[in-house]
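Data block below; observations after.
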Amino acid sequence: MSFFHDFCRVHSIDLNANRPNVVGIGQPVVDTGINIDSEFVWEAVQPCRVTRHVGGSSLNTLRTLKYLGCSASFVSAIGQDPEAHMVAKCLREEGIDTTMLRSMPEFACNQAYIISSSTRFEKTIFLHRQSVDFGLEERDVDDIRKADVIHFNGYFNDFFTSALKHIDRDKTRISINCGLGPQSNDAFNAMKTANTVVASRDFCAKYSSNGADECASHFFASSEFAELFVVTSGAKGGQYFLKSGETCTFEANSAVVKNTTGAGDAFHAGVLFGQLYSLDPSEYFSLASWLGSRCCETDAPVFFL
């Protein structure tokens, strides 16, 4: 973490004086990593190493921000399946507020199976068990109003839409993560409410015939709050667009890659951290890229496990 502490020192960030409040809305996922010690992934019999970690895009970003010193609250639902107990334990141990976490006995946690080999080939099989939704309740209003950032990736759209009616947009920023998950349509539609969007290049290709430029133009034309649109391209880095019309590319940090799951979410956490402390994009993209690369060097979807 020496890079992070140096970053805070250079930019005069006092983590003890100011702890921004971040609310993450999303479904947790349990990631099962299967690393096969072979050049060929699909051989019938071969030794492998299996790991299980709590993940999910919004939760990965939220956990990273909590680790960096922010206050964090998670809006989601869990059931009574074994994976739900993993999620609850993770939230409890990492000090993430669960006041807005719903208990739904019928709900089963989503799962992802990430298969990789010594050649770093990676294939993800996503088991999307079910979709549920719920609205914002009176007991949630005070917590929502305290948020400096609401981070949303398309899940629990009813809650998110209701929350927008109770926040002060001069105080609370909306950040949308856009990937190619089952919720991508809701994430795309939510862009019109956002200050910041972080999208994968594949997402831009899906929703625009002209890719990133057209997606960015759509965002700035549709959201009165639009400030920053970021397109990520994995190891190739990416590009960001500002409302002023300025655009700039950025490089990814080098990494000894074990697993790319969660790298984009860690990157998004770095962007939000910089914005929460009123830094310029040219200053905080170094932190975002560093967090993404650190995540790639672990077996987990967050870098600090």
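By convention here, the chains of the structure tokens are called A, B, ... in the order presented, each chain's residues are numbered starting at 1, and ligands are numbered starting at 1 in the order presented.
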Using only C-alpha atoms, I'd like a table of the residues in range 204-268 of chain A that come within 9 Å of range 175-183 of chain A; for each, show the closest atom pair and its distance in Å rounded to one decimal, ordered by chain and ascending number, as a tab-separated table.
```
residue	atom	partner	partner_atom	distance
A:Cys204	CA	A:Cys178	CA	8.7
A:Lys206	CA	A:Leu180	CA	8.4
A:Asp265	CA	A:Asn177	CA	8.2
A:His268	CA	A:Asn177	CA	7.9
```
Test item, helix (DSSP H, G or I) assignment across range 152-228 of chain A, answer as a VMD selection string: chain A and resid 157 to 163 184 to 193 201 to 207 212 to 222
Dump C-alpha atoms for the selected residues as an mmCIF file, in the first residue's frame?
```
data_model
loop_
_atom_site.group_PDB
_atom_site.id
_atom_site.type_symbol
_atom_site.label_atom_id
_atom_site.label_comp_id
_atom_site.auth_asym_id
_atom_site.auth_seq_id
_atom_site.Cartn_x
_atom_site.Cartn_y
_atom_site.Cartn_z
ATOM 1 C CA ASN A 157 -33.534 -0.721 -10.433
ATOM 2 C CA ASP A 158 -36.723 0.034 -8.446
ATOM 3 C CA PHE A 159 -34.668 0.922 -5.360
ATOM 4 C CA PHE A 160 -32.276 3.044 -7.396
ATOM 5 C CA THR A 161 -35.093 4.923 -9.146
ATOM 6 C CA SER A 162 -36.802 5.607 -5.816
ATOM 7 C CA ALA A 163 -33.546 6.755 -4.220
ATOM 8 C CA SER A 184 -26.719 -4.094 -18.854
ATOM 9 C CA ASN A 185 -29.943 -2.604 -20.278
ATOM 10 C CA ASP A 186 -30.860 -1.061 -16.921
ATOM 11 C CA ALA A 187 -27.314 0.254 -16.537
ATOM 12 C CA PHE A 188 -27.488 1.820 -19.997
ATOM 13 C CA ASN A 189 -30.826 3.482 -19.208
ATOM 14 C CA ALA A 190 -29.489 4.764 -15.872
ATOM 15 C CA MET A 191 -26.700 6.663 -17.632
ATOM 16 C CA LYS A 192 -29.074 9.611 -18.050
ATOM 17 C CA THR A 193 -28.983 10.133 -14.262
ATOM 18 C CA ARG A 201 -15.256 -1.339 -24.548
ATOM 19 C CA ASP A 202 -17.465 -4.388 -25.183
ATOM 20 C CA PHE A 203 -20.397 -2.564 -23.584
ATOM 21 C CA CYS A 204 -19.850 0.410 -25.893
ATOM 22 C CA ALA A 205 -19.717 -1.903 -28.907
ATOM 23 C CA LYS A 206 -23.038 -3.483 -27.901
ATOM 24 C CA TYR A 207 -24.923 -0.221 -27.514
ATOM 25 C CA ALA A 212 -16.842 4.625 -27.359
ATOM 26 C CA ASP A 213 -17.158 8.040 -29.029
ATOM 27 C CA GLU A 214 -20.847 7.603 -29.739
ATOM 28 C CA CYS A 215 -21.543 6.166 -26.267
ATOM 29 C CA ALA A 216 -19.818 9.148 -24.665
ATOM 30 C CA SER A 217 -21.793 11.568 -26.829
ATOM 31 C CA HIS A 218 -25.038 9.833 -25.847
ATOM 32 C CA PHE A 219 -24.129 10.137 -22.175
ATOM 33 C CA PHE A 220 -23.281 13.837 -22.287
ATOM 34 C CA ALA A 221 -26.421 14.596 -24.305
ATOM 35 C CA SER A 222 -28.761 12.600 -22.032
#
```
I'd like a table as CSV: residues in range 41-87 of chain A with an atom no more than 12 Å from range 131-150 of chain A, each row giving the shortest atom pair and its distance in Å to one decimal, only C-alpha atoms counted, sorted by chain and rising residue number.
```
residue,atom,partner,partner_atom,distance
A:Ser58,CA,A:Ile150,CA,10.2
A:Thr61,CA,A:Ile150,CA,11.4
A:Leu62,CA,A:Ile150,CA,10.0
A:Leu65,CA,A:Val149,CA,11.0
A:Cys70,CA,A:Asp148,CA,10.2
A:Ser71,CA,A:Ala147,CA,9.4
A:Ala72,CA,A:Ala147,CA,9.1
A:Ser73,CA,A:Asp143,CA,8.5
A:Phe74,CA,A:Ile150,CA,10.0
A:Val75,CA,A:Asp140,CA,9.7
A:Ser76,CA,A:Asp133,CA,9.0
A:Ala77,CA,A:Val132,CA,8.3
A:Ile78,CA,A:Val132,CA,10.4
A:Gly79,CA,A:Val132,CA,11.2
```
Residues from the last selection, N, CA, C and O atoms, saved as a short mmCIF file (atom, residue, chain, number, x, y, z; two decimals), in the first residue's frame:
```
data_model
loop_
_atom_site.label_atom_id
_atom_site.label_comp_id
_atom_site.auth_asym_id
_atom_site.auth_seq_id
_atom_site.Cartn_x
_atom_site.Cartn_y
_atom_site.Cartn_z
N SER A 58 -20.58 -4.29 -8.15
CA SER A 58 -20.81 -3.16 -7.25
C SER A 58 -20.16 -3.40 -5.89
O SER A 58 -19.57 -2.49 -5.30
N THR A 61 -16.30 -2.91 -5.94
CA THR A 61 -15.94 -1.50 -5.89
C THR A 61 -16.15 -0.94 -4.49
O THR A 61 -15.30 -0.21 -3.96
N LEU A 62 -17.27 -1.29 -3.88
CA LEU A 62 -17.59 -0.80 -2.54
C LEU A 62 -16.57 -1.28 -1.52
O LEU A 62 -16.10 -0.51 -0.67
N LEU A 65 -13.32 0.67 -1.86
CA LEU A 65 -13.43 2.01 -1.29
C LEU A 65 -13.43 1.97 0.23
O LEU A 65 -12.85 2.84 0.89
N CYS A 70 -13.10 4.87 3.04
CA CYS A 70 -14.44 5.44 2.95
C CYS A 70 -15.41 4.68 3.86
O CYS A 70 -15.17 3.54 4.23
N SER A 71 -16.52 5.33 4.20
CA SER A 71 -17.63 4.63 4.84
C SER A 71 -18.47 3.99 3.74
O SER A 71 -18.68 4.61 2.68
N ALA A 72 -18.94 2.77 3.97
CA ALA A 72 -19.59 2.02 2.88
C ALA A 72 -20.86 1.34 3.37
O ALA A 72 -20.88 0.73 4.45
N SER A 73 -21.92 1.43 2.56
CA SER A 73 -23.20 0.75 2.83
C SER A 73 -23.60 -0.02 1.58
O SER A 73 -23.46 0.48 0.46
N PHE A 74 -24.12 -1.23 1.78
CA PHE A 74 -24.47 -2.10 0.65
C PHE A 74 -25.97 -2.32 0.60
O PHE A 74 -26.60 -2.71 1.58
N VAL A 75 -26.54 -2.06 -0.58
CA VAL A 75 -27.96 -2.30 -0.84
C VAL A 75 -28.08 -3.54 -1.70
O VAL A 75 -27.58 -3.57 -2.83
N SER A 76 -28.70 -4.58 -1.16
CA SER A 76 -28.81 -5.83 -1.91
C SER A 76 -29.82 -6.74 -1.23
O SER A 76 -30.53 -6.33 -0.30
N ALA A 77 -29.87 -7.98 -1.69
CA ALA A 77 -30.70 -9.01 -1.08
C ALA A 77 -29.89 -10.28 -0.95
O ALA A 77 -29.06 -10.59 -1.81
N ILE A 78 -30.09 -11.00 0.14
CA ILE A 78 -29.49 -12.32 0.30
C ILE A 78 -30.56 -13.27 0.82
O ILE A 78 -31.53 -12.86 1.46
N GLY A 79 -30.36 -14.55 0.51
CA GLY A 79 -31.31 -15.56 0.94
C GLY A 79 -30.76 -16.38 2.09
O GLY A 79 -30.08 -15.86 2.99
#
```
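Nearest residue to Thr51 in chain A among A:Gly270, A:Leu242, A:Pro301, A:Arg92 is A:Pro301, counting only C-alpha atoms.
The space separating CA of Ile115 in chain A from CA of Ile34 in chain A comes to 4.8 Å.
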